[in-house]
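First the structure, in the form of structure tokens, and then the observations on it.
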Amino acid sequence: MARKETPQINASSQADIAFLLLVFFLITTTMDVDKGISRRLPPMQEDQKQEDIKINRRNTIIVRISASDRIMVGSEQMDVSQIKDKIVEFVTNPTDNPNMPEKEIKNIKGFGNYAVSKGVISLQNDKGTTYKKYIEVQNEIVRAINEVRDDFSKQHFSKKFAQLDEDHQKIVKEAIPQNISEAEPKDVKGK
Amino acid sequence: MGRFRKRGKKAAPAISTASLPDIVFMLLFFFMISTSFRQQDKLVQVKLPEATENAKLERKDLTSYIFVGAPVPAKQAQFGTDARIQLNDSYRTVNEIRDFIAAERESLSEVDRPQMVVAIKGDENVRMGIITDIKQELRRCSALQIMYVARTKAINED
């Protein structure tokens, strides 16, 4: 029997087919990673009164957003752009002002003693507040905390917070906690 | 001067394209693997609010999404323009979040359950009333780790 060689399959169109598929997947791919502001909600409690009493008055700053999107921090009305500095001042309390939050010496593992601020930022909003404003304010508060953390990191580890390794980040997080209380729904009167 | 050959006479050697399919295939596999197809139909219009201090969502597989916004134009005749909550593929009320969370939690493995994140994709024009209701409901079902999904705003430091 004569051996016939199997004819070679022409592979020149393989590239075309692959290209076609490639283009299809290129177009359909969405590589968006969702980003946003991460929060941890407080667990539901039966009697919510208790917690309110525990926190001293000087240790809280109340950020209110009214139904008409006006912002009150403490007793002053202010613009979104002013919130950050106010919060930074509140959290750091550089002059040990008696009206600003107290500090508690805490022993942080791997770092030593540090005066940790006991300040709590309480965020209140009205039913009519727009989500946009709310996120803007949330963002400013996070920005303030990040700034303080960056300062601390630069001072002690001479690096920005984001560039620290995990252990150091943990230390910084402990030294400058992000205490934001998203209060129970309360209707802030629109002024 | 026969020493110099005339330029241009000799054709440039053809570039071998034999490795082209390999390269293309490599790219193809990359895109095939990284593609995730959209699983849900959009029933509400969501224009995310802007923020600068965004954190990345760590594990997409542990995330449940809650969409809040006005119904898409095609559905407005039926459902109006008031902000609504979309869970999976339908409009839901706040009270149904509980079942949704329970179902989502059930679908995760036991190890991952504490790390579950609920991502709220809210339109920037919705009122906080509905968001607060959602938050309260989430607290009630102890799904405490949440994320307000936002767009990243270009930073202009002053």
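Order determines the names: the first chain of the structure tokens is A, the second B, and so forth; residues in each chain are numbered 1 upward, and ligands are numbered 1 upward as they are shown.
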Residues of chain A within 7 Å of chain B, using only C-alpha atoms, as JSON, numbers by chain? {"A": [14, 15, 18, 19, 21, 22, 25, 26, 29, 30, 34, 35, 36, 37, 38, 39, 40, 41, 42, 43, 44, 126, 127, 128, 129, 130, 131, 132, 135, 136, 139, 142, 143, 185]}
Write the residues of the preceding selection, restricted to N, CA and C atoms, as an mmCIF file, in the first residue's frame.
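So out_30.cif came out as:
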```cif
data_model
loop_
_atom_site.group_PDB
_atom_site.id
_atom_site.type_symbol
_atom_site.label_atom_id
_atom_site.label_comp_id
_atom_site.auth_asym_id
_atom_site.auth_seq_id
_atom_site.Cartn_x
_atom_site.Cartn_y
_atom_site.Cartn_z
ATOM 1 N N GLN A 14 -5.308 31.001 11.121
ATOM 2 C CA GLN A 14 -5.378 30.910 12.580
ATOM 3 C C GLN A 14 -5.231 32.285 13.223
ATOM 4 N N ALA A 15 -4.296 33.030 12.692
ATOM 5 C CA ALA A 15 -4.075 34.369 13.238
ATOM 6 C C ALA A 15 -5.326 35.227 13.114
ATOM 7 N N ALA A 18 -7.868 34.162 15.677
ATOM 8 C CA ALA A 18 -7.456 34.608 16.999
ATOM 9 C C ALA A 18 -7.666 36.105 17.164
ATOM 10 N N PHE A 19 -7.359 36.837 16.097
ATOM 11 C CA PHE A 19 -7.575 38.282 16.137
ATOM 12 C C PHE A 19 -9.035 38.622 16.367
ATOM 13 N N LEU A 21 -11.344 36.861 17.815
ATOM 14 C CA LEU A 21 -11.705 36.592 19.203
ATOM 15 C C LEU A 21 -11.122 37.653 20.127
ATOM 16 N N LEU A 22 -9.884 38.001 19.844
ATOM 17 C CA LEU A 22 -9.211 38.995 20.674
ATOM 18 C C LEU A 22 -9.983 40.299 20.697
ATOM 19 N N PHE A 25 -13.128 40.058 22.821
ATOM 20 C CA PHE A 25 -12.911 40.143 24.262
ATOM 21 C C PHE A 25 -12.405 41.518 24.692
ATOM 22 N N LEU A 26 -11.629 42.127 23.808
ATOM 23 C CA LEU A 26 -11.165 43.483 24.108
ATOM 24 C C LEU A 26 -12.334 44.416 24.320
ATOM 25 N N THR A 29 -14.566 43.449 27.532
ATOM 26 C CA THR A 29 -13.950 43.499 28.857
ATOM 27 C C THR A 29 -14.243 44.812 29.565
ATOM 28 N N THR A 30 -14.644 44.701 30.806
ATOM 29 C CA THR A 30 -14.679 45.874 31.664
ATOM 30 C C THR A 30 -13.757 45.567 32.830
ATOM 31 N N ASP A 34 -14.440 48.419 41.526
ATOM 32 C CA ASP A 34 -15.260 49.352 42.277
ATOM 33 C C ASP A 34 -14.458 49.952 43.410
ATOM 34 N N LYS A 35 -14.621 51.239 43.526
ATOM 35 C CA LYS A 35 -13.930 51.945 44.597
ATOM 36 C C LYS A 35 -14.955 52.733 45.378
ATOM 37 N N GLY A 36 -14.612 53.039 46.573
ATOM 38 C CA GLY A 36 -15.542 53.822 47.356
ATOM 39 C C GLY A 36 -15.059 54.035 48.764
ATOM 40 N N ILE A 37 -15.963 54.522 49.579
ATOM 41 C CA ILE A 37 -15.618 54.814 50.963
ATOM 42 C C ILE A 37 -16.138 53.678 51.833
ATOM 43 N N SER A 38 -15.216 53.061 52.499
ATOM 44 C CA SER A 38 -15.561 51.892 53.297
ATOM 45 C C SER A 38 -15.965 52.311 54.704
ATOM 46 N N ARG A 39 -16.990 51.691 55.190
ATOM 47 C CA ARG A 39 -17.471 52.030 56.529
ATOM 48 C C ARG A 39 -17.892 50.773 57.271
ATOM 49 N N ARG A 40 -17.790 50.849 58.566
ATOM 50 C CA ARG A 40 -18.315 49.765 59.369
ATOM 51 C C ARG A 40 -19.464 50.314 60.192
ATOM 52 N N LEU A 41 -20.621 49.745 60.011
ATOM 53 C CA LEU A 41 -21.786 50.226 60.753
ATOM 54 C C LEU A 41 -21.716 49.708 62.188
ATOM 55 N N PRO A 42 -22.237 50.491 63.116
ATOM 56 C CA PRO A 42 -22.286 49.988 64.489
ATOM 57 C C PRO A 42 -23.363 48.923 64.601
ATOM 58 N N PRO A 43 -23.157 47.926 65.415
ATOM 59 C CA PRO A 43 -24.197 46.911 65.549
ATOM 60 C C PRO A 43 -25.452 47.495 66.184
ATOM 61 N N MET A 44 -26.556 46.873 65.889
ATOM 62 C CA MET A 44 -27.833 47.334 66.426
ATOM 63 C C MET A 44 -27.881 47.056 67.919
ATOM 64 N N ASP A 126 -30.135 64.681 57.504
ATOM 65 C CA ASP A 126 -31.585 64.721 57.426
ATOM 66 C C ASP A 126 -32.064 63.769 56.348
ATOM 67 N N LYS A 127 -33.328 63.447 56.399
ATOM 68 C CA LYS A 127 -33.906 62.588 55.351
ATOM 69 C C LYS A 127 -33.771 63.207 53.975
ATOM 70 N N GLY A 128 -33.800 64.524 53.956
ATOM 71 C CA GLY A 128 -33.789 65.211 52.666
ATOM 72 C C GLY A 128 -32.411 65.532 52.129
ATOM 73 N N THR A 129 -31.385 65.230 52.903
ATOM 74 C CA THR A 129 -30.023 65.491 52.430
ATOM 75 C C THR A 129 -29.754 64.674 51.180
ATOM 76 N N THR A 130 -29.060 65.278 50.224
ATOM 77 C CA THR A 130 -28.753 64.468 49.043
ATOM 78 C C THR A 130 -27.554 63.578 49.340
ATOM 79 N N TYR A 131 -27.568 62.457 48.690
ATOM 80 C CA TYR A 131 -26.512 61.456 48.853
ATOM 81 C C TYR A 131 -25.167 62.046 48.444
ATOM 82 N N LYS A 132 -25.202 62.888 47.429
ATOM 83 C CA LYS A 132 -23.971 63.499 46.919
ATOM 84 C C LYS A 132 -23.270 64.297 48.010
ATOM 85 N N ILE A 135 -21.811 62.038 50.752
ATOM 86 C CA ILE A 135 -20.546 61.406 50.372
ATOM 87 C C ILE A 135 -19.418 62.432 50.379
ATOM 88 N N GLU A 136 -19.748 63.638 49.934
ATOM 89 C CA GLU A 136 -18.739 64.698 49.945
ATOM 90 C C GLU A 136 -18.212 64.924 51.358
ATOM 91 N N ASN A 139 -16.229 62.031 52.606
ATOM 92 C CA ASN A 139 -14.937 62.069 51.940
ATOM 93 C C ASN A 139 -13.998 63.048 52.631
ATOM 94 N N VAL A 142 -12.765 61.559 55.885
ATOM 95 C CA VAL A 142 -11.728 60.550 55.627
ATOM 96 C C VAL A 142 -10.425 61.227 55.227
ATOM 97 N N ARG A 143 -10.553 62.296 54.442
ATOM 98 C CA ARG A 143 -9.371 63.017 53.997
ATOM 99 C C ARG A 143 -8.627 63.597 55.194
ATOM 100 N N PRO A 185 -30.772 57.667 62.809
ATOM 101 C CA PRO A 185 -31.439 58.672 61.981
ATOM 102 C C PRO A 185 -32.141 59.709 62.842
#
```
Please return, as a PyMOL selection string, all residues of range 37-180 of chain A that DSSP assigns to alpha helix (DSSP H) on the basis of the backbone. chain A and resi 49-54+80-92+131-157+166-175
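Taking only C-alpha atoms, the non-local environment of His168 in chain A within 9 Å (same-chain residues fewer than 3 positions away omitted) comprises Gly110, Phe111, Ser153, Phe157, Phe161, Leu164, Asp165, Ile171, Val172 and Lys173 of chain A.
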Residue set, range 28-96 of chain B restricted to strand (DSSP E), as a VMD selection string: chain B and resid 44 to 45 50 to 51 55 to 56 63 to 71 84 to 87 90 to 92
Only C-alpha atoms, please: the residues just picked out, written as a short mmCIF file (atom, residue, chain, number, x, y, z; two decimals), in the first residue's frame.
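Result file follows (result05.cif):
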```cif
data_model
loop_
_atom_site.label_atom_id
_atom_site.label_comp_id
_atom_site.auth_asym_id
_atom_site.auth_seq_id
_atom_site.Cartn_x
_atom_site.Cartn_y
_atom_site.Cartn_z
CA VAL B 44 -32.15 52.03 38.02
CA GLN B 45 -30.07 54.91 36.81
CA GLU B 50 -17.49 61.70 43.45
CA ALA B 51 -14.87 61.22 46.10
CA ALA B 55 -10.42 52.61 48.84
CA LYS B 56 -10.48 49.61 46.58
CA THR B 63 -19.58 41.71 47.70
CA SER B 64 -23.30 42.14 47.35
CA TYR B 65 -24.59 45.13 45.54
CA ILE B 66 -27.52 47.31 46.36
CA PHE B 67 -28.46 49.79 43.68
CA VAL B 68 -30.43 52.87 44.54
CA GLY B 69 -31.71 55.40 42.08
CA ALA B 70 -34.54 56.49 39.84
CA PRO B 71 -35.89 53.78 37.51
CA ARG B 84 -35.99 52.73 44.15
CA ILE B 85 -33.87 49.89 45.38
CA GLN B 86 -32.69 47.23 42.99
CA LEU B 87 -31.59 43.89 44.33
CA SER B 90 -35.95 43.45 40.36
CA TYR B 91 -37.20 46.40 42.31
CA ARG B 92 -37.44 45.70 45.97
#
```
Which one is closest to Asn179 in chain A: A:Tyr114, A:Phe90, A:Tyr134, A:Phe152? Count only C-alpha atoms. A:Phe90
For Ile83 in chain A, please output as a ChimeraX atom specification all residues within 10 Å (counting only C-alpha atoms; exclusion window: fewer than 3 positions along the same chain). /A:63,71-73,77-80,86-89,137,140-141,143-144
Please list as number ranges by chain every residue within 12 Å of Ser122 in chain A, counting only C-alpha atoms and excluding residues in the same chain fewer than 2 positions away. A: 52, 55, 57, 59-65, 72-74, 87, 119-120, 124-125, 137-138, 141, 178-186
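Interatomic distance, CA of Lys103 in chain A to CA of Ala115 in chain A: 5.3 Å.
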